[in-house]
Amino acid sequence: MAGLEHLLAALTPINLAFALFGVVAGTVIGAIPGLTATMSVAVLVPLTFAMPTSSALILMGAIYTGAIYGGAYSAILLNTPGTPSAIATTFDGYPLAKKGDGDYAITIACLASVIGGLVGALALMTLAPPLSQVALAFGSVEYFWLAIFGLSLIAALSEGSLLKGVAGGALGLLLSCIGVAEVAGDVRLTFGLQTLLSGIQIVAALIGLYSIPVLIDLVAQPGHHLQVDSGSRGFRLGEAVRYLWGDKINTIRSAVIGTVVGILPGAGGSIASLVSYSEARRTAKPGQAYGKGEPGGIIASESANNATVGGGFIPTLVLGIPGTPPDAVILGALLVQGVRTGPSLFTNQGEIVYTFIWGLILATILMLPTGLFIGRYAYRTIITLPKALLVPAIAFMTIIGSYAIRNNISDVIIMIVLGGLGWIIGRFGFTASPIVLGLILGPIAESGFVQAWTIGTATDDRFGMFFGRPISIAIIVFTLFTLLSPLVLARLQKIKEQAHAD
Amino acid sequence: MKTTRRSLVLTGAALAFVAGIGLTAQPAPAQAEYPEKPISYIIPFGPGGESDITARLQQPFFKEKFGQDLVISYKPGGGGAVGWATLNTLKGDGYTMMGVNLPHIVLQPQQKDVGYKTDDITMLYWFHYTPDAIVVTDDSPFKTLQDLIKHAKENPGKVIFSGSGKGTAPHLAQVRFDKLAGVKTTYVPFKGTGASVAALMGKQVSAAMAFTTVAANYEKTRLLAVAMEKRHPRFPDVPTFKELGMDIVSGAYRGIAVPKSTPEPVRQKLTAMIKAVNEDPAFRKKMEEGGFAVVDYAHGKSADDFLSSFAKSVTASAKEAGLLK
């Protein structure tokens, strides 16, 4: 452990107060769809100018980690990811809440988030300089293949019809092309509409595609939003701890995936949680029903997305390259303070860095009690509010949330249109997740492809560029394995059965 | 029932919190003691970029001099176009201003209908630019710009530059560099300067066509040449392109504009305030340390002349690059 004296520096009352305030504020903000971790950190920046650097970092780190956790509340209770990082939390969180176990799901999410956050922060403390090299080893072509791997998750996420999943993914990819192209800068598919110039913002699409169908169903169907068992059952902490202990491999694996993906500047919490979710699902034990309310799904997603917080700080502090969007804001605040990031930050200004990391660890631990309490209130609010209040309240938040992303009314229009579309195609068995996956991964795949193709052409080795680099090959093999293993296994099973029958 | 009421209170509190974040301060009519309330400063890009950072650097100086906050908010989209297209719909009372970037506002309207024209923007001040610069890693075999040019002449197309986007300051600088140095290099666009520097550090490319700020912010990088009239005070050892016989003075300029409806006296007052911040020696020092280059083209003839000459040269380069017809 690097320097216990830095732990003491982090333990000053003011730093503790910042950590506590940051976690609480972050959790509340993160729970509201549209108010993302990036925005919550950006709002704080002017306040941090007058603070000592390490305290400023603790405050921003705490609100960031809180916001990533808070995204789980609306994912579980409303089927709407509060932040993009919580997309995978909806897969099992909402079905679990539907069954009447919303409180249990929130406690699981809280525990998994704390463990994931701690793993990420410990990696930051102990292994930051070597791990930062991962960020540099990942070139354009690796991002392209990572996006392709991400798209292969559609196969796993398509309940029922693979064809519908692929169609949804393709729609998402098409939608991602709208607006000013990310690297080439040309304007595409706007049909002359100013509204489409800024493209389809992912958070607006998330709110529309996930939240609007829930709202319509709330109004259209009689009965309670979530099923509720009678009586208070407390936090169900013991039950949740036992479950996590039993699923400890999943918990730790997801935290490690989250840390590594967090280091990659082009990826982020949403991809981390999707990758670890798919891993959890691929390695499911018999009897685990992923997608139908399996607590393991929540663990995978939440453990991974909170691990990206510590992971993302690694390239941010070591290289000056932000690992995630909120890190870019924090980096900007540091520049204004006159702190230059880089390898020497750890050696020359170790006290700032290590005091901050201890502060981040404390904030993560504080998330356990505060998260449980706030989660309980959120749960009680959702189950006790009459529909006549719940529906307008959620509707209000979807509009405020989608406007707040970029202070742009276009995002509200896009949110509503996509929401209506989502509800209609939902009637025909299409789900939102493949569309969102296409929307998130499309730009990553596109820019990775364009860059790799250009570099490959310049060096006269396009084939080597795409298929000759070790990390790329590993990702390709992994993608094929994920896609083909269910088919091969099913085949083997069949042969075995036939052999038995003969 | 008690819990329900408490939950309601909590929800209310959460909503109030949201409202506080979502809405920026509503401007009120300008009066004698201008400014008598915070000024909304809209950045048409996301938080964390250089447009944000330089606005953040202005923030404390403005507050100190005029006693009011600059409240920074973001309206990203379309490479800034979404913000500029709405600029003239905002209230022109001196309490709303917006960051403006070059070459963006010159090139975007010529490329496509983006909802505004260059002339629609009422400029108050161009306050700095980040000069274009060729950046390599510490251990690069290119010790000088001549090394790079020699290698590029022997291996046409094989010197690869990373840069931020297409039709941007680095892209245009690369096109001009190719022409003036008589070489052919490859330009690979990345999303933002950070990603282009990551590609450089990851050895995906030979050099980055980026900015002086990169060398100020990233260890293990060095500059081969800067696109300035004179050497940058923070990098006295790095030659300018001009010294090396290439007339390249360019970069990404940043300024501040107001809605067209802002009355002329208010424009003048606000210009004077921005000027006061820009002329503060402590502010200039901070900017220079960050690798920026401070300029002073103020509202009126100075800003107009600068913009028209800049527009002429950048339009010519963009046509050469095939970005404009």
# chains A, B, ... in the order shown; residues from 1 in each chain; ligands from 1

call {"tool": "interface_residues", "arguments": {"of": "chain B", "to": "chain A", "cutoff": "6 Å", "atoms": "only C-alpha atoms", "output": "ChimeraX atom specification"}}
result
/B:7,22,47-48,53,75-78,157-158,165-166,188-191,194,202,219

call {"tool": "write_last_selection", "arguments": {"atoms": "N, CA and C atoms", "output": "compact mmCIF listing (two decimals), in the first residue's frame"}}
result
# COMPACT_ATOMS: atom_id res chain seq x y z
N SER B 7 -41.00 10.11 1.29
CA SER B 7 -40.52 9.82 -0.07
C SER B 7 -40.86 10.97 -1.00
N GLY B 22 -30.29 21.98 -14.36
CA GLY B 22 -30.72 22.02 -15.74
C GLY B 22 -30.89 23.43 -16.29
N PRO B 47 -17.85 19.47 -22.26
CA PRO B 47 -16.89 19.87 -21.24
C PRO B 47 -15.57 19.12 -21.38
N GLY B 48 -14.48 19.77 -20.97
CA GLY B 48 -13.18 19.09 -20.94
C GLY B 48 -12.28 19.40 -22.12
N ILE B 53 -11.57 24.62 -21.38
CA ILE B 53 -10.47 24.94 -20.47
C ILE B 53 -10.12 26.43 -20.52
N LYS B 75 -23.36 23.44 -25.05
CA LYS B 75 -24.38 23.12 -26.03
C LYS B 75 -23.69 22.46 -27.22
N PRO B 76 -23.19 21.25 -27.01
CA PRO B 76 -22.40 20.61 -28.07
C PRO B 76 -23.28 20.03 -29.17
N GLY B 77 -22.67 19.74 -30.29
CA GLY B 77 -23.36 19.08 -31.39
C GLY B 77 -22.95 19.68 -32.72
N GLY B 78 -22.78 18.79 -33.71
CA GLY B 78 -22.46 19.26 -35.05
C GLY B 78 -21.16 20.05 -35.12
N GLY B 157 4.09 9.35 -48.88
CA GLY B 157 2.88 8.79 -48.28
C GLY B 157 3.10 8.00 -47.00
N LYS B 158 4.40 7.71 -46.69
CA LYS B 158 4.64 6.82 -45.56
C LYS B 158 4.79 7.55 -44.23
N GLY B 165 -9.76 15.31 -36.40
CA GLY B 165 -10.84 15.53 -37.35
C GLY B 165 -10.41 15.97 -38.74
N LYS B 166 -11.39 16.12 -39.62
CA LYS B 166 -11.12 16.59 -40.99
C LYS B 166 -11.67 17.98 -41.17
N VAL B 188 -4.40 11.08 -40.82
CA VAL B 188 -5.43 10.20 -40.25
C VAL B 188 -6.23 10.99 -39.22
N PRO B 189 -7.53 11.19 -39.47
CA PRO B 189 -8.33 11.97 -38.51
C PRO B 189 -8.73 11.14 -37.28
N PHE B 190 -8.61 11.74 -36.11
CA PHE B 190 -9.08 11.11 -34.87
C PHE B 190 -10.11 12.01 -34.23
N LYS B 191 -10.81 11.45 -33.24
CA LYS B 191 -11.83 12.25 -32.57
C LYS B 191 -11.16 13.08 -31.48
N GLY B 194 -6.89 14.71 -27.96
CA GLY B 194 -6.47 13.67 -27.02
C GLY B 194 -6.28 12.34 -27.72
N GLY B 202 1.08 5.81 -28.80
CA GLY B 202 0.98 4.38 -29.04
C GLY B 202 1.72 3.94 -30.30
N GLU B 219 3.86 14.81 -21.12
CA GLU B 219 5.28 14.51 -21.01
C GLU B 219 5.65 13.59 -22.16

call {"tool": "residues_around", "arguments": {"residues": "Val258 (chain B)", "least_positions_apart": "3", "cutoff": "9 Å", "atoms": "only C-alpha atoms", "output": "list in words"}}
result
Leu87, Asn88, Leu90, Gly92, Gly94, Tyr95, Thr96, Met97, Met98, Gly99, Ile121, Thr122, Met123, Leu124, Ser261, Thr262 and Arg267 of chain B

call {"tool": "closest_residue", "arguments": {"among": "B:Gln111, B:Thr221, B:Ser313, B:Ser196", "to": "Lys325 (chain B)", "atoms": "only C-alpha atoms"}}
result
B:Gln111

call {"tool": "closest_residue", "arguments": {"among": "B:Ala198, B:Val277, B:Ile72, B:Val106", "to": "Asp119 (chain B)", "atoms": "only C-alpha atoms"}}
result
B:Val106

call {"tool": "residues_around", "arguments": {"residues": "Arg284 (chain B)", "least_positions_apart": "6", "cutoff": "10 Å", "atoms": "only C-alpha atoms", "output": "PDB file with N, CA and C atoms, in the first residue's frame"}}
result
ATOM      1  N   HIS B 128      -7.460  34.251 -28.187  1.00  0.00           N
ATOM      2  CA  HIS B 128      -6.213  33.476 -28.252  1.00  0.00           C
ATOM      3  C   HIS B 128      -6.305  32.477 -29.397  1.00  0.00           C
ATOM      4  N   VAL B 277      -9.551  41.268 -19.047  1.00  0.00           N
ATOM      5  CA  VAL B 277      -9.102  39.943 -18.607  1.00  0.00           C
ATOM      6  C   VAL B 277      -7.909  39.515 -19.456  1.00  0.00           C
ATOM      7  N   ASN B 278      -8.043  39.725 -20.767  1.00  0.00           N
ATOM      8  CA  ASN B 278      -7.004  39.246 -21.681  1.00  0.00           C
ATOM      9  C   ASN B 278      -5.678  39.980 -21.483  1.00  0.00           C
ATOM     10  N   GLY B 290       0.140  27.168 -20.472  1.00  0.00           N
ATOM     11  CA  GLY B 290      -0.667  26.083 -21.032  1.00  0.00           C
ATOM     12  C   GLY B 290      -0.386  25.844 -22.508  1.00  0.00           C
ATOM     13  N   PHE B 292      -0.927  28.096 -24.950  1.00  0.00           N
ATOM     14  CA  PHE B 292      -1.767  28.912 -25.832  1.00  0.00           C
ATOM     15  C   PHE B 292      -0.995  30.159 -26.266  1.00  0.00           C
ATOM     16  N   ALA B 293      -1.496  30.829 -27.298  1.00  0.00           N
ATOM     17  CA  ALA B 293      -0.905  32.088 -27.716  1.00  0.00           C
ATOM     18  C   ALA B 293      -1.999  33.149 -27.675  1.00  0.00           C
ATOM     19  N   VAL B 294      -1.795  34.167 -26.852  1.00  0.00           N
ATOM     20  CA  VAL B 294      -2.823  35.185 -26.652  1.00  0.00           C
ATOM     21  C   VAL B 294      -2.811  36.170 -27.827  1.00  0.00           C
ATOM     22  N   VAL B 295      -4.005  36.517 -28.323  1.00  0.00           N
ATOM     23  CA  VAL B 295      -4.115  37.552 -29.343  1.00  0.00           C
ATOM     24  C   VAL B 295      -5.177  38.551 -28.895  1.00  0.00           C
TER      25      VAL B 295
END

call {"tool": "closest_residue", "arguments": {"among": "A:Gly359, A:Gly70, A:Pro129, A:Gly150", "to": "Ile14 (chain A)", "atoms": "only C-alpha atoms"}}
result
A:Gly359

call {"tool": "atom_distance", "arguments": {"atom1": "CA of Ile365 (chain A)", "atom2": "CA of Ile63 (chain A)"}}
result
13.2 Å

call {"tool": "select_by_dssp", "arguments": {"residues": "region 27-227 of chain A", "states": "strand (DSSP E or B)", "output": "list of chain:residue names"}}
result
A:Gly179, A:Val180, A:Val187, A:Arg188

call {"tool": "write_last_selection", "arguments": {"atoms": "N, CA and C atoms", "output": "tab-separated table (two decimals), in the first residue's frame"}}
result
chain	number	residue	atom	x	y	z
A	179	GLY	N	-26.05	12.87	-38.71
A	179	GLY	CA	-25.37	14.04	-38.17
A	179	GLY	C	-23.97	14.22	-38.73
A	180	VAL	N	-23.16	14.99	-38.01
A	180	VAL	CA	-21.80	15.24	-38.47
A	180	VAL	C	-20.95	14.01	-38.15
A	187	VAL	N	-21.52	15.93	-43.21
A	187	VAL	CA	-22.87	15.87	-42.65
A	187	VAL	C	-23.66	14.80	-43.40
A	188	ARG	N	-24.26	13.85	-42.65
A	188	ARG	CA	-24.92	12.73	-43.30
A	188	ARG	C	-26.35	12.55	-42.81

call {"tool": "select_by_dssp", "arguments": {"residues": "region 292-373 of chain A", "states": "alpha helix (DSSP H)", "output": "PyMOL selection string"}}
result
chain A and resi 295-319+325-337+343-348+350-373

call {"tool": "residues_around", "arguments": {"residues": "region 100-103 of chain B", "least_positions_apart": "2", "cutoff": "8 Å", "atoms": "only C-alpha atoms", "output": "ChimeraX atom specification"}}
result
/B:43-44,84,98,105-107,168-169,252-257,311,314

call {"tool": "closest_residue", "arguments": {"among": "B:Lys150, B:Met246, B:Ala321, B:Tyr125", "to": "Lys301 (chain B)", "atoms": "only C-alpha atoms"}}
result
B:Tyr125

call {"tool": "atom_distance", "arguments": {"atom1": "CA of Gly245 (chain B)", "atom2": "CA of Gln146 (chain B)"}}
result
11.1 Å

call {"tool": "decode", "arguments": {"residues": "region 301-344 of chain A", "atoms": "N, CA and C atoms", "output": "PDB file, in the first residue's frame"}}
result
ATOM      1  N   SER A 301     -22.873  -6.246 -14.330  1.00  0.00           N
ATOM      2  CA  SER A 301     -22.957  -4.895 -14.870  1.00  0.00           C
ATOM      3  C   SER A 301     -22.459  -3.852 -13.872  1.00  0.00           C
ATOM      4  N   GLU A 302     -22.934  -3.940 -12.637  1.00  0.00           N
ATOM      5  CA  GLU A 302     -22.619  -2.896 -11.663  1.00  0.00           C
ATOM      6  C   GLU A 302     -21.189  -2.966 -11.155  1.00  0.00           C
ATOM      7  N   SER A 303     -20.685  -4.191 -11.004  1.00  0.00           N
ATOM      8  CA  SER A 303     -19.303  -4.325 -10.569  1.00  0.00           C
ATOM      9  C   SER A 303     -18.382  -3.745 -11.643  1.00  0.00           C
ATOM     10  N   ALA A 304     -18.694  -4.041 -12.906  1.00  0.00           N
ATOM     11  CA  ALA A 304     -17.837  -3.565 -14.004  1.00  0.00           C
ATOM     12  C   ALA A 304     -17.912  -2.055 -14.148  1.00  0.00           C
ATOM     13  N   ASN A 305     -19.125  -1.482 -14.113  1.00  0.00           N
ATOM     14  CA  ASN A 305     -19.167  -0.046 -14.409  1.00  0.00           C
ATOM     15  C   ASN A 305     -18.537   0.793 -13.310  1.00  0.00           C
ATOM     16  N   ASN A 306     -18.619   0.364 -12.059  1.00  0.00           N
ATOM     17  CA  ASN A 306     -17.932   1.154 -11.045  1.00  0.00           C
ATOM     18  C   ASN A 306     -16.421   0.943 -11.070  1.00  0.00           C
ATOM     19  N   ALA A 307     -15.990  -0.213 -11.592  1.00  0.00           N
ATOM     20  CA  ALA A 307     -14.542  -0.417 -11.723  1.00  0.00           C
ATOM     21  C   ALA A 307     -13.949   0.499 -12.781  1.00  0.00           C
ATOM     22  N   THR A 308     -14.761   0.931 -13.749  1.00  0.00           N
ATOM     23  CA  THR A 308     -14.217   1.817 -14.783  1.00  0.00           C
ATOM     24  C   THR A 308     -13.811   3.174 -14.202  1.00  0.00           C
ATOM     25  N   VAL A 309     -14.346   3.524 -13.023  1.00  0.00           N
ATOM     26  CA  VAL A 309     -13.987   4.814 -12.434  1.00  0.00           C
ATOM     27  C   VAL A 309     -12.489   4.828 -12.125  1.00  0.00           C
ATOM     28  N   GLY A 310     -12.038   3.836 -11.334  1.00  0.00           N
ATOM     29  CA  GLY A 310     -10.606   3.752 -11.016  1.00  0.00           C
ATOM     30  C   GLY A 310      -9.788   3.488 -12.264  1.00  0.00           C
ATOM     31  N   GLY A 311     -10.287   2.588 -13.121  1.00  0.00           N
ATOM     32  CA  GLY A 311      -9.568   2.250 -14.351  1.00  0.00           C
ATOM     33  C   GLY A 311      -9.380   3.472 -15.233  1.00  0.00           C
ATOM     34  N   GLY A 312     -10.431   4.269 -15.362  1.00  0.00           N
ATOM     35  CA  GLY A 312     -10.378   5.440 -16.227  1.00  0.00           C
ATOM     36  C   GLY A 312      -9.388   6.494 -15.750  1.00  0.00           C
ATOM     37  N   PHE A 313      -9.184   6.533 -14.421  1.00  0.00           N
ATOM     38  CA  PHE A 313      -8.227   7.507 -13.896  1.00  0.00           C
ATOM     39  C   PHE A 313      -6.791   7.133 -14.254  1.00  0.00           C
ATOM     40  N   ILE A 314      -6.557   5.874 -14.602  1.00  0.00           N
ATOM     41  CA  ILE A 314      -5.175   5.433 -14.870  1.00  0.00           C
ATOM     42  C   ILE A 314      -4.581   6.177 -16.069  1.00  0.00           C
ATOM     43  N   PRO A 315      -5.174   6.098 -17.270  1.00  0.00           N
ATOM     44  CA  PRO A 315      -4.573   6.872 -18.362  1.00  0.00           C
ATOM     45  C   PRO A 315      -4.704   8.381 -18.147  1.00  0.00           C
ATOM     46  N   THR A 316      -5.762   8.795 -17.426  1.00  0.00           N
ATOM     47  CA  THR A 316      -5.967  10.224 -17.188  1.00  0.00           C
ATOM     48  C   THR A 316      -4.791  10.811 -16.417  1.00  0.00           C
ATOM     49  N   LEU A 317      -4.423  10.140 -15.314  1.00  0.00           N
ATOM     50  CA  LEU A 317      -3.382  10.699 -14.460  1.00  0.00           C
ATOM     51  C   LEU A 317      -1.986  10.362 -14.963  1.00  0.00           C
ATOM     52  N   VAL A 318      -1.814   9.181 -15.566  1.00  0.00           N
ATOM     53  CA  VAL A 318      -0.463   8.787 -15.985  1.00  0.00           C
ATOM     54  C   VAL A 318      -0.101   9.400 -17.329  1.00  0.00           C
ATOM     55  N   LEU A 319      -1.049   9.439 -18.262  1.00  0.00           N
ATOM     56  CA  LEU A 319      -0.717   9.876 -19.610  1.00  0.00           C
ATOM     57  C   LEU A 319      -1.320  11.230 -19.973  1.00  0.00           C
ATOM     58  N   GLY A 320      -2.290  11.666 -19.201  1.00  0.00           N
ATOM     59  CA  GLY A 320      -2.997  12.877 -19.587  1.00  0.00           C
ATOM     60  C   GLY A 320      -4.056  12.622 -20.648  1.00  0.00           C
ATOM     61  N   ILE A 321      -4.370  11.340 -20.880  1.00  0.00           N
ATOM     62  CA  ILE A 321      -5.396  10.990 -21.864  1.00  0.00           C
ATOM     63  C   ILE A 321      -6.611  10.493 -21.090  1.00  0.00           C
ATOM     64  N   PRO A 322      -7.741  11.206 -21.172  1.00  0.00           N
ATOM     65  CA  PRO A 322      -8.886  10.810 -20.359  1.00  0.00           C
ATOM     66  C   PRO A 322      -9.426   9.425 -20.723  1.00  0.00           C
ATOM     67  N   GLY A 323      -9.628   8.587 -19.695  1.00  0.00           N
ATOM     68  CA  GLY A 323     -10.126   7.240 -19.933  1.00  0.00           C
ATOM     69  C   GLY A 323     -11.610   7.223 -20.250  1.00  0.00           C
ATOM     70  N   THR A 324     -12.377   8.127 -19.644  1.00  0.00           N
ATOM     71  CA  THR A 324     -13.827   8.176 -19.843  1.00  0.00           C
ATOM     72  C   THR A 324     -14.222   9.658 -19.975  1.00  0.00           C
ATOM     73  N   PRO A 325     -15.428   9.951 -20.462  1.00  0.00           N
ATOM     74  CA  PRO A 325     -15.822  11.366 -20.597  1.00  0.00           C
ATOM     75  C   PRO A 325     -15.726  12.191 -19.304  1.00  0.00           C
ATOM     76  N   PRO A 326     -16.178  11.671 -18.137  1.00  0.00           N
ATOM     77  CA  PRO A 326     -16.018  12.491 -16.930  1.00  0.00           C
ATOM     78  C   PRO A 326     -14.544  12.776 -16.624  1.00  0.00           C
ATOM     79  N   ASP A 327     -13.661  11.836 -16.978  1.00  0.00           N
ATOM     80  CA  ASP A 327     -12.233  12.064 -16.756  1.00  0.00           C
ATOM     81  C   ASP A 327     -11.735  13.251 -17.558  1.00  0.00           C
ATOM     82  N   ALA A 328     -12.320  13.467 -18.751  1.00  0.00           N
ATOM     83  CA  ALA A 328     -11.898  14.604 -19.573  1.00  0.00           C
ATOM     84  C   ALA A 328     -12.195  15.902 -18.833  1.00  0.00           C
ATOM     85  N   VAL A 329     -13.341  15.949 -18.159  1.00  0.00           N
ATOM     86  CA  VAL A 329     -13.712  17.149 -17.416  1.00  0.00           C
ATOM     87  C   VAL A 329     -12.775  17.345 -16.234  1.00  0.00           C
ATOM     88  N   ILE A 330     -12.474  16.249 -15.534  1.00  0.00           N
ATOM     89  CA  ILE A 330     -11.586  16.327 -14.378  1.00  0.00           C
ATOM     90  C   ILE A 330     -10.193  16.778 -14.821  1.00  0.00           C
ATOM     91  N   LEU A 331      -9.749  16.267 -15.958  1.00  0.00           N
ATOM     92  CA  LEU A 331      -8.448  16.651 -16.502  1.00  0.00           C
ATOM     93  C   LEU A 331      -8.425  18.155 -16.791  1.00  0.00           C
ATOM     94  N   GLY A 332      -9.522  18.652 -17.357  1.00  0.00           N
ATOM     95  CA  GLY A 332      -9.618  20.086 -17.643  1.00  0.00           C
ATOM     96  C   GLY A 332      -9.513  20.897 -16.363  1.00  0.00           C
ATOM     97  N   ALA A 333     -10.209  20.446 -15.308  1.00  0.00           N
ATOM     98  CA  ALA A 333     -10.164  21.156 -14.029  1.00  0.00           C
ATOM     99  C   ALA A 333      -8.751  21.165 -13.471  1.00  0.00           C
ATOM    100  N   LEU A 334      -8.030  20.046 -13.661  1.00  0.00           N
ATOM    101  CA  LEU A 334      -6.654  19.971 -13.172  1.00  0.00           C
ATOM    102  C   LEU A 334      -5.758  20.946 -13.927  1.00  0.00           C
ATOM    103  N   LEU A 335      -5.965  21.061 -15.241  1.00  0.00           N
ATOM    104  CA  LEU A 335      -5.151  21.979 -16.036  1.00  0.00           C
ATOM    105  C   LEU A 335      -5.355  23.412 -15.565  1.00  0.00           C
ATOM    106  N   VAL A 336      -6.629  23.747 -15.261  1.00  0.00           N
ATOM    107  CA  VAL A 336      -6.910  25.096 -14.786  1.00  0.00           C
ATOM    108  C   VAL A 336      -6.195  25.332 -13.458  1.00  0.00           C
ATOM    109  N   GLN A 337      -6.131  24.281 -12.629  1.00  0.00           N
ATOM    110  CA  GLN A 337      -5.435  24.403 -11.346  1.00  0.00           C
ATOM    111  C   GLN A 337      -3.929  24.470 -11.517  1.00  0.00           C
ATOM    112  N   GLY A 338      -3.463  24.209 -12.719  1.00  0.00           N
ATOM    113  CA  GLY A 338      -2.027  24.248 -12.977  1.00  0.00           C
ATOM    114  C   GLY A 338      -1.330  22.929 -12.699  1.00  0.00           C
ATOM    115  N   VAL A 339      -2.101  21.840 -12.539  1.00  0.00           N
ATOM    116  CA  VAL A 339      -1.493  20.530 -12.305  1.00  0.00           C
ATOM    117  C   VAL A 339      -1.321  19.844 -13.653  1.00  0.00           C
ATOM    118  N   ARG A 340      -0.106  19.464 -13.988  1.00  0.00           N
ATOM    119  CA  ARG A 340       0.140  18.756 -15.235  1.00  0.00           C
ATOM    120  C   ARG A 340       0.195  17.269 -14.946  1.00  0.00           C
ATOM    121  N   THR A 341      -0.622  16.531 -15.676  1.00  0.00           N
ATOM    122  CA  THR A 341      -0.615  15.088 -15.472  1.00  0.00           C
ATOM    123  C   THR A 341       0.533  14.481 -16.265  1.00  0.00           C
ATOM    124  N   GLY A 342       0.865  13.255 -15.922  1.00  0.00           N
ATOM    125  CA  GLY A 342       1.964  12.578 -16.592  1.00  0.00           C
ATOM    126  C   GLY A 342       2.655  11.662 -15.608  1.00  0.00           C
ATOM    127  N   PRO A 343       3.586  10.836 -16.089  1.00  0.00           N
ATOM    128  CA  PRO A 343       4.234   9.871 -15.192  1.00  0.00           C
ATOM    129  C   PRO A 343       4.843  10.546 -13.969  1.00  0.00           C
ATOM    130  N   SER A 344       5.359  11.772 -14.145  1.00  0.00           N
ATOM    131  CA  SER A 344       6.031  12.405 -13.014  1.00  0.00           C
ATOM    132  C   SER A 344       5.048  12.881 -11.950  1.00  0.00           C
TER     133      SER A 344
END
